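What follows is the content of entry-v8.cif (mmCIF, C-alpha atoms).
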```cif
data_model
loop_
_atom_site.group_PDB
_atom_site.id
_atom_site.type_symbol
_atom_site.label_atom_id
_atom_site.label_comp_id
_atom_site.auth_asym_id
_atom_site.auth_seq_id
_atom_site.Cartn_x
_atom_site.Cartn_y
_atom_site.Cartn_z
ATOM 1 C CA MET A 1 -4.913 -4.384 16.370
ATOM 2 C CA ASN A 2 -4.263 -8.072 15.713
ATOM 3 C CA VAL A 3 -5.331 -9.381 12.349
ATOM 4 C CA ALA A 4 -6.072 -13.077 11.797
ATOM 5 C CA LYS A 5 -4.240 -14.620 8.850
ATOM 6 C CA SER A 6 -7.541 -15.323 7.125
ATOM 7 C CA ASP A 7 -8.647 -11.693 7.399
ATOM 8 C CA ARG A 8 -8.310 -10.158 3.999
ATOM 9 C CA PRO A 9 -8.369 -7.315 3.779
ATOM 10 C CA PHE A 10 -7.649 -5.026 6.693
ATOM 11 C CA THR A 11 -9.347 -1.833 5.521
ATOM 12 C CA ALA A 12 -9.021 1.782 6.627
ATOM 13 C CA LYS A 13 -11.153 4.467 4.995
ATOM 14 C CA PHE A 14 -9.598 7.815 4.165
ATOM 15 C CA PRO A 15 -11.187 10.392 6.503
ATOM 16 C CA GLN A 16 -11.151 12.952 3.682
ATOM 17 C CA THR A 17 -10.385 12.940 -0.024
ATOM 18 C CA PRO A 18 -6.636 12.528 -0.596
ATOM 19 C CA GLU A 19 -4.810 15.290 -2.437
ATOM 20 C CA ASN A 20 -1.353 16.054 -3.749
ATOM 21 C CA GLY A 21 1.231 15.977 -0.910
ATOM 22 C CA ASP A 22 -0.825 13.909 1.556
ATOM 23 C CA GLU A 23 0.792 10.927 3.308
ATOM 24 C CA VAL A 24 -0.236 7.589 4.765
ATOM 25 C CA LEU A 25 1.927 6.042 7.496
ATOM 26 C CA ILE A 26 1.576 2.325 8.273
ATOM 27 C CA ARG A 27 3.290 0.532 11.146
ATOM 28 C CA GLY A 28 2.786 -3.160 11.750
ATOM 29 C CA LYS A 29 4.170 -6.654 11.994
ATOM 30 C CA LEU A 30 4.068 -9.449 9.454
ATOM 31 C CA CYS A 31 3.650 -13.099 10.293
ATOM 32 C CA ASP A 32 7.081 -14.726 10.536
ATOM 33 C CA ASP A 33 6.119 -17.089 7.694
ATOM 34 C CA ALA A 34 4.462 -14.443 5.473
ATOM 35 C CA ARG A 35 4.866 -15.184 1.770
ATOM 36 C CA ASN A 36 3.156 -11.998 0.550
ATOM 37 C CA PHE A 37 2.155 -8.647 1.899
ATOM 38 C CA SER A 38 0.516 -5.810 0.004
ATOM 39 C CA VAL A 39 -0.818 -2.313 0.483
ATOM 40 C CA ASN A 40 -3.588 -1.229 -1.875
ATOM 41 C CA PHE A 41 -5.025 2.227 -2.506
ATOM 42 C CA CYS A 42 -8.571 1.388 -3.557
ATOM 43 C CA LEU A 43 -11.363 3.215 -5.313
ATOM 44 C CA PRO A 44 -14.977 2.443 -4.304
ATOM 45 C CA ARG A 45 -16.218 -1.041 -5.104
ATOM 46 C CA PRO A 46 -19.113 -1.229 -7.563
ATOM 47 C CA PRO A 47 -22.427 -2.025 -5.788
ATOM 48 C CA HIS A 48 -22.486 -5.661 -6.946
ATOM 49 C CA PHE A 49 -19.042 -6.429 -5.448
ATOM 50 C CA MET A 50 -18.855 -8.273 -2.154
ATOM 51 C CA PRO A 51 -16.382 -7.077 0.545
ATOM 52 C CA HIS A 52 -14.198 -10.191 0.163
ATOM 53 C CA GLN A 53 -13.787 -9.689 -3.589
ATOM 54 C CA THR A 54 -10.712 -7.934 -4.898
ATOM 55 C CA PRO A 55 -11.655 -4.343 -5.806
ATOM 56 C CA ALA A 56 -12.173 -3.625 -9.500
ATOM 57 C CA TYR A 57 -10.142 -0.418 -9.284
ATOM 58 C CA ILE A 58 -6.874 -0.095 -7.373
ATOM 59 C CA ALA A 59 -4.914 3.103 -7.939
ATOM 60 C CA TYR A 60 -1.747 1.597 -6.448
ATOM 61 C CA HIS A 61 -0.774 -1.940 -5.438
ATOM 62 C CA PHE A 62 2.512 -2.295 -3.496
ATOM 63 C CA LYS A 63 3.301 -5.977 -2.889
ATOM 64 C CA THR A 64 6.298 -7.627 -1.240
ATOM 65 C CA ILE A 65 6.877 -11.294 -2.094
ATOM 66 C CA TYR A 66 9.075 -13.472 0.121
ATOM 67 C CA ASP A 67 10.370 -16.629 -1.587
ATOM 68 C CA GLU A 68 11.238 -19.868 0.213
ATOM 69 C CA ASN A 69 14.925 -19.457 -0.692
ATOM 70 C CA GLY A 70 15.159 -16.157 1.230
ATOM 71 C CA GLU A 71 14.904 -13.952 -1.850
ATOM 72 C CA SER A 72 12.302 -11.210 -1.922
ATOM 73 C CA ARG A 73 11.012 -8.662 -4.389
ATOM 74 C CA VAL A 74 8.567 -5.773 -4.654
ATOM 75 C CA VAL A 75 5.836 -5.671 -7.274
ATOM 76 C CA GLN A 76 4.051 -2.415 -8.048
ATOM 77 C CA ASN A 77 1.066 -2.097 -10.340
ATOM 78 C CA TRP A 78 -2.540 -0.951 -10.553
ATOM 79 C CA LYS A 79 -5.896 -2.386 -11.513
ATOM 80 C CA ASN A 80 -8.526 -1.078 -13.900
ATOM 81 C CA VAL A 81 -10.849 -4.111 -13.765
ATOM 82 C CA GLN A 82 -7.829 -6.151 -14.975
ATOM 83 C CA TRP A 83 -4.351 -6.021 -13.422
ATOM 84 C CA GLN A 84 -2.028 -3.808 -15.446
ATOM 85 C CA GLN A 85 1.685 -4.082 -16.250
ATOM 86 C CA GLU A 86 3.827 -4.911 -13.206
ATOM 87 C CA GLN A 87 6.958 -3.062 -12.188
ATOM 88 C CA VAL A 88 9.245 -5.519 -10.338
ATOM 89 C CA SER A 89 12.175 -4.405 -8.135
ATOM 90 C CA ASP A 90 14.474 -5.885 -5.526
ATOM 91 C CA ASN A 91 13.125 -5.706 -1.991
ATOM 92 C CA HIS A 92 15.327 -3.373 0.044
ATOM 93 C CA TRP A 93 12.698 -1.982 2.391
ATOM 94 C CA HIS A 94 11.781 -4.927 4.668
ATOM 95 C CA GLU A 95 13.671 -8.202 4.608
ATOM 96 C CA ASP A 96 13.330 -9.495 8.201
ATOM 97 C CA ARG A 97 9.671 -10.458 8.660
ATOM 98 C CA SER A 98 10.165 -10.803 12.436
ATOM 99 C CA GLU A 99 10.762 -7.039 12.767
ATOM 100 C CA THR A 100 8.099 -4.348 12.940
ATOM 101 C CA PHE A 101 7.836 -2.321 9.749
ATOM 102 C CA ARG A 102 7.110 1.351 9.189
ATOM 103 C CA MET A 103 6.269 2.637 5.723
ATOM 104 C CA ILE A 104 5.099 6.010 4.477
ATOM 105 C CA PHE A 105 3.335 6.637 1.189
ATOM 106 C CA ARG A 106 3.377 10.201 -0.161
ATOM 107 C CA LEU A 107 0.678 10.886 -2.721
ATOM 108 C CA HIS A 108 1.296 13.104 -5.723
ATOM 109 C CA GLU A 109 -0.944 13.802 -8.697
ATOM 110 C CA ASP A 110 1.339 11.844 -11.005
ATOM 111 C CA THR A 111 3.312 9.573 -8.630
ATOM 112 C CA ILE A 112 3.021 7.665 -5.367
ATOM 113 C CA LYS A 113 6.287 7.492 -3.439
ATOM 114 C CA MET A 114 7.032 4.903 -0.756
ATOM 115 C CA PHE A 115 9.524 5.589 2.037
ATOM 116 C CA ARG A 116 10.843 3.171 4.625
ATOM 117 C CA ASP A 117 10.798 4.573 8.180
ATOM 118 C CA SER A 118 10.880 8.316 7.375
ATOM 119 C CA VAL A 119 10.679 10.844 4.553
ATOM 120 C CA ASP A 120 14.129 12.381 5.258
ATOM 121 C CA HIS A 121 15.652 10.559 2.281
ATOM 122 C CA PRO A 122 14.832 9.916 -1.367
ATOM 123 C CA PRO A 123 11.893 7.524 -1.820
ATOM 124 C CA ASP A 124 12.633 3.808 -1.730
ATOM 125 C CA TYR A 125 10.078 3.193 -4.505
ATOM 126 C CA GLU A 126 8.036 5.315 -6.916
ATOM 127 C CA PHE A 127 5.124 4.461 -9.174
ATOM 128 C CA ALA A 128 3.279 6.524 -11.785
ATOM 129 C CA VAL A 129 -0.373 7.075 -10.837
ATOM 130 C CA GLN A 130 -2.906 6.065 -13.499
ATOM 131 C CA LEU A 131 -6.190 6.705 -11.634
ATOM 132 C CA PRO A 132 -7.168 10.032 -9.983
ATOM 133 C CA LEU A 133 -6.039 10.522 -6.370
ATOM 134 C CA ASN A 134 -9.326 12.165 -5.443
ATOM 135 C CA GLN A 135 -11.173 8.918 -6.195
ATOM 136 C CA ILE A 136 -9.180 6.833 -3.694
ATOM 137 C CA GLU A 137 -11.511 5.823 -0.877
ATOM 138 C CA SER A 138 -9.592 3.344 1.265
ATOM 139 C CA ILE A 139 -6.353 1.571 1.943
ATOM 140 C CA GLU A 140 -6.314 -2.223 2.262
ATOM 141 C CA LEU A 141 -3.579 -4.469 3.683
ATOM 142 C CA TRP A 142 -3.595 -7.990 2.290
ATOM 143 C CA ASP A 143 -1.934 -11.240 3.326
ATOM 144 C CA GLY A 144 0.683 -12.052 5.913
ATOM 145 C CA VAL A 145 -0.215 -9.280 8.387
ATOM 146 C CA GLU A 146 0.057 -10.326 12.032
ATOM 147 C CA SER A 147 -0.805 -6.931 13.517
ATOM 148 C CA VAL A 148 -1.445 -3.337 12.522
ATOM 149 C CA GLU A 149 -0.085 -0.962 15.142
ATOM 150 C CA GLU A 150 -0.807 2.318 13.368
ATOM 151 C CA ILE A 151 -2.307 3.801 10.249
ATOM 152 C CA SER A 152 -2.087 7.600 10.135
ATOM 153 C CA PHE A 153 -3.428 9.892 7.452
ATOM 154 C CA ARG A 154 -1.362 13.084 7.195
ATOM 155 C CA TYR A 155 -2.916 15.822 5.147
ATOM 156 C CA ASP A 156 -0.870 18.552 3.517
ATOM 157 C CA ASN A 157 -2.477 21.659 5.016
ATOM 158 C CA ARG A 158 -1.081 23.785 2.228
ATOM 159 C CA ASN A 159 -3.877 22.306 0.074
ATOM 160 C CA ALA A 160 -6.470 24.152 2.170
ATOM 161 C CA TYR A 161 -5.284 27.621 1.144
#
```
Just give me the structure as structure tokens.
Amino acid sequence: MNVAKSDRPFTAKFPQTPENGDEVLIRGKLCDDARNFSVNFCLPRPPHFMPHQTPAYIAYHFKTIYDENGESRVVQNWKNVQWQQEQVSDNHWHEDRSETFRMIFRLHEDTIKMFRDSVDHPPDYEFAVQLPLNQIESIELWDGVESVEEISFRYDNRNAY
């Protein structure tokens, strides 16, 4: 699915309530000149919020910033009406914006882990969860997205027993 630069956000609703051990896989392509790209795990918007407004509650915000000098970094944080303390790291997951990316987020009750390409290695990034997983309603992709090729929700079937 192609996404126009002005489209913010690209939204996918969780088909069922996320639980501990569930995963979200995203595959896509950034614009070659993307300055920012973020993935947001959002709680429902209050009734008075318009769709184009930034959600009041974001359980997890994973943002990659590409500077003009070729440097890039990852910012992780969350939002409880106001943005909370940022955790800034070097970007080692996706440096070449001309290449397709594949990222997997594994949800845990206390942590969200991000993996580049596959989950056969330690997570590339981790962030402590501050808002309940079972309140996450959607995932939003913001800024710099040229196309979204796949978003898959993988549920840990062990939760059903």
Checklist entry - Care to translate the PyMOL selection byres ((chain A and resi 136-146) around 9) into actual residues of this file, as a ChimeraX atom specification? => result /A:1-18,28-44,58-59,63,131-135,147-148
Evaluate the PyMOL selection byres ((chain A and resi 114-122) around 6) and record the selected residues as an mmCIF file with C-alpha atoms, in the frame of the given file, following the chain and residue labels used in the document.
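Result saved to out06.cif:
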```
data_model
loop_
_atom_site.group_PDB
_atom_site.id
_atom_site.type_symbol
_atom_site.label_atom_id
_atom_site.label_comp_id
_atom_site.auth_asym_id
_atom_site.auth_seq_id
_atom_site.Cartn_x
_atom_site.Cartn_y
_atom_site.Cartn_z
ATOM 1 C CA TRP A 93 12.698 -1.982 2.391
ATOM 2 C CA ARG A 102 7.110 1.351 9.189
ATOM 3 C CA MET A 103 6.269 2.637 5.723
ATOM 4 C CA ILE A 104 5.099 6.010 4.477
ATOM 5 C CA PHE A 105 3.335 6.637 1.189
ATOM 6 C CA LYS A 113 6.287 7.492 -3.439
ATOM 7 C CA PRO A 123 11.893 7.524 -1.820
ATOM 8 C CA ASP A 124 12.633 3.808 -1.730
ATOM 9 C CA TYR A 125 10.078 3.193 -4.505
#
```
Name the residues that the PyMOL selection byres ((chain A and resi 151) around 8) picks from the file above, as a tab-separated table (two decimals) with C-alpha atoms, keeping the file's coordinate frame, using the file's chain letters and numbers.
```tsv
chain	number	residue	atom	x	y	z
A	12	ALA	CA	-9.02	1.78	6.63
A	24	VAL	CA	-0.24	7.59	4.76
A	25	LEU	CA	1.93	6.04	7.50
A	26	ILE	CA	1.58	2.33	8.27
A	27	ARG	CA	3.29	0.53	11.15
A	148	VAL	CA	-1.44	-3.34	12.52
A	149	GLU	CA	-0.08	-0.96	15.14
A	150	GLU	CA	-0.81	2.32	13.37
A	152	SER	CA	-2.09	7.60	10.14
A	153	PHE	CA	-3.43	9.89	7.45
```
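Interatomic distance, CA of Phe62 in chain A to CA of Val74 in chain A: 7.1 Å.
In this comparison, which uses all atoms listed in the file, the residue of A:Thr100, A:Thr54, A:Asn69, A:Tyr60 approaching Gln84 in chain A most closely is A:Tyr60.
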For Gln76 in chain A: contacts at 6 Å, all atoms listed in the file, fewer than 6 positions along chain excluded, given as a PDB file with C-alpha atoms, keeping the file's coordinate frame:
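Generated output (result_33.pdb):
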```pdb
ATOM      1  CA  HIS A  61      -0.774  -1.940  -5.438  1.00  0.00           C
ATOM      2  CA  PHE A  62       2.512  -2.295  -3.496  1.00  0.00           C
ATOM      3  CA  GLU A  86       3.827  -4.911 -13.206  1.00  0.00           C
ATOM      4  CA  GLN A  87       6.958  -3.062 -12.188  1.00  0.00           C
TER       5      GLN A  87
END
```
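Across the structure, CA of Trp83 in chain A and CA of Pro55 in chain A are spaced 10.7 Å apart.
The space separating CA of Glu99 in chain A from CA of Tyr66 in chain A comes to 14.3 Å.
Nearest to Glu71 in chain A of all the residues A:Asp90, A:His48, A:Tyr57, A:Ile112 is A:Asp90, based on all atoms listed in the file.
Remark: for Arg154 in chain A, the closest of the candidate residues A:Leu107, A:Val81, A:His92, A:Asp67 is A:Leu107 (distances computed over all atoms listed in the file).
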Starting from the incomplete input, reconstruct N, CA, C and O atoms of range 25-42 of chain A and write that as an mmCIF file, in the frame of the given file.
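The result, stored in out-v2.cif:
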```cif
data_model
loop_
_atom_site.group_PDB
_atom_site.id
_atom_site.type_symbol
_atom_site.label_atom_id
_atom_site.label_comp_id
_atom_site.auth_asym_id
_atom_site.auth_seq_id
_atom_site.Cartn_x
_atom_site.Cartn_y
_atom_site.Cartn_z
ATOM 1 N N LEU A 25 0.904 6.761 6.746
ATOM 2 C CA LEU A 25 1.927 6.042 7.496
ATOM 3 C C LEU A 25 1.313 4.731 7.986
ATOM 4 O O LEU A 25 0.198 4.729 8.518
ATOM 5 N N ILE A 26 2.029 3.636 7.805
ATOM 6 C CA ILE A 26 1.576 2.325 8.273
ATOM 7 C C ILE A 26 2.689 1.705 9.097
ATOM 8 O O ILE A 26 3.845 1.667 8.664
ATOM 9 N N ARG A 27 2.338 1.241 10.292
ATOM 10 C CA ARG A 27 3.290 0.532 11.146
ATOM 11 C C ARG A 27 2.628 -0.769 11.554
ATOM 12 O O ARG A 27 1.468 -0.793 11.973
ATOM 13 N N GLY A 28 3.362 -1.867 11.408
ATOM 14 C CA GLY A 28 2.786 -3.160 11.750
ATOM 15 C C GLY A 28 3.824 -4.253 11.792
ATOM 16 O O GLY A 28 5.029 -4.016 11.726
ATOM 17 N N LYS A 29 3.318 -5.459 11.890
ATOM 18 C CA LYS A 29 4.170 -6.654 11.994
ATOM 19 C C LYS A 29 3.596 -7.712 11.073
ATOM 20 O O LYS A 29 2.383 -7.942 11.054
ATOM 21 N N LEU A 30 4.468 -8.340 10.311
ATOM 22 C CA LEU A 30 4.068 -9.449 9.454
ATOM 23 C C LEU A 30 4.180 -10.753 10.222
ATOM 24 O O LEU A 30 4.931 -10.857 11.196
ATOM 25 N N CYS A 31 3.469 -11.752 9.762
ATOM 26 C CA CYS A 31 3.650 -13.099 10.293
ATOM 27 C C CYS A 31 5.060 -13.548 9.918
ATOM 28 O O CYS A 31 5.560 -13.218 8.842
ATOM 29 N N ASP A 32 5.704 -14.291 10.804
ATOM 30 C CA ASP A 32 7.081 -14.726 10.536
ATOM 31 C C ASP A 32 7.189 -15.565 9.268
ATOM 32 O O ASP A 32 8.239 -15.598 8.628
ATOM 33 N N ASP A 33 6.098 -16.243 8.895
ATOM 34 C CA ASP A 33 6.119 -17.089 7.694
ATOM 35 C C ASP A 33 5.384 -16.449 6.517
ATOM 36 O O ASP A 33 5.015 -17.124 5.562
ATOM 37 N N ALA A 34 5.184 -15.139 6.550
ATOM 38 C CA ALA A 34 4.462 -14.443 5.473
ATOM 39 C C ALA A 34 5.145 -14.694 4.136
ATOM 40 O O ALA A 34 6.367 -14.605 4.026
ATOM 41 N N ARG A 35 4.351 -15.013 3.143
ATOM 42 C CA ARG A 35 4.866 -15.184 1.770
ATOM 43 C C ARG A 35 4.628 -13.927 0.946
ATOM 44 O O ARG A 35 5.380 -13.626 0.038
ATOM 45 N N ASN A 36 3.543 -13.212 1.270
ATOM 46 C CA ASN A 36 3.156 -11.998 0.550
ATOM 47 C C ASN A 36 2.624 -10.977 1.534
ATOM 48 O O ASN A 36 2.076 -11.333 2.571
ATOM 49 N N PHE A 37 2.763 -9.741 1.156
ATOM 50 C CA PHE A 37 2.155 -8.647 1.899
ATOM 51 C C PHE A 37 1.925 -7.528 0.899
ATOM 52 O O PHE A 37 2.805 -7.213 0.105
ATOM 53 N N SER A 38 0.734 -6.926 0.918
ATOM 54 C CA SER A 38 0.516 -5.810 0.004
ATOM 55 C C SER A 38 -0.321 -4.713 0.631
ATOM 56 O O SER A 38 -1.120 -4.946 1.530
ATOM 57 N N VAL A 39 -0.080 -3.514 0.118
ATOM 58 C CA VAL A 39 -0.818 -2.313 0.483
ATOM 59 C C VAL A 39 -1.494 -1.850 -0.800
ATOM 60 O O VAL A 39 -0.853 -1.765 -1.847
ATOM 61 N N ASN A 40 -2.793 -1.568 -0.700
ATOM 62 C CA ASN A 40 -3.588 -1.229 -1.875
ATOM 63 C C ASN A 40 -4.371 0.053 -1.632
ATOM 64 O O ASN A 40 -5.065 0.171 -0.622
ATOM 65 N N PHE A 41 -4.262 0.984 -2.554
ATOM 66 C CA PHE A 41 -5.025 2.227 -2.506
ATOM 67 C C PHE A 41 -6.223 2.033 -3.432
ATOM 68 O O PHE A 41 -6.069 2.011 -4.655
ATOM 69 N N CYS A 42 -7.391 1.864 -2.834
ATOM 70 C CA CYS A 42 -8.571 1.388 -3.557
ATOM 71 C C CYS A 42 -9.601 2.473 -3.817
ATOM 72 O O CYS A 42 -9.848 3.330 -2.959
#
```
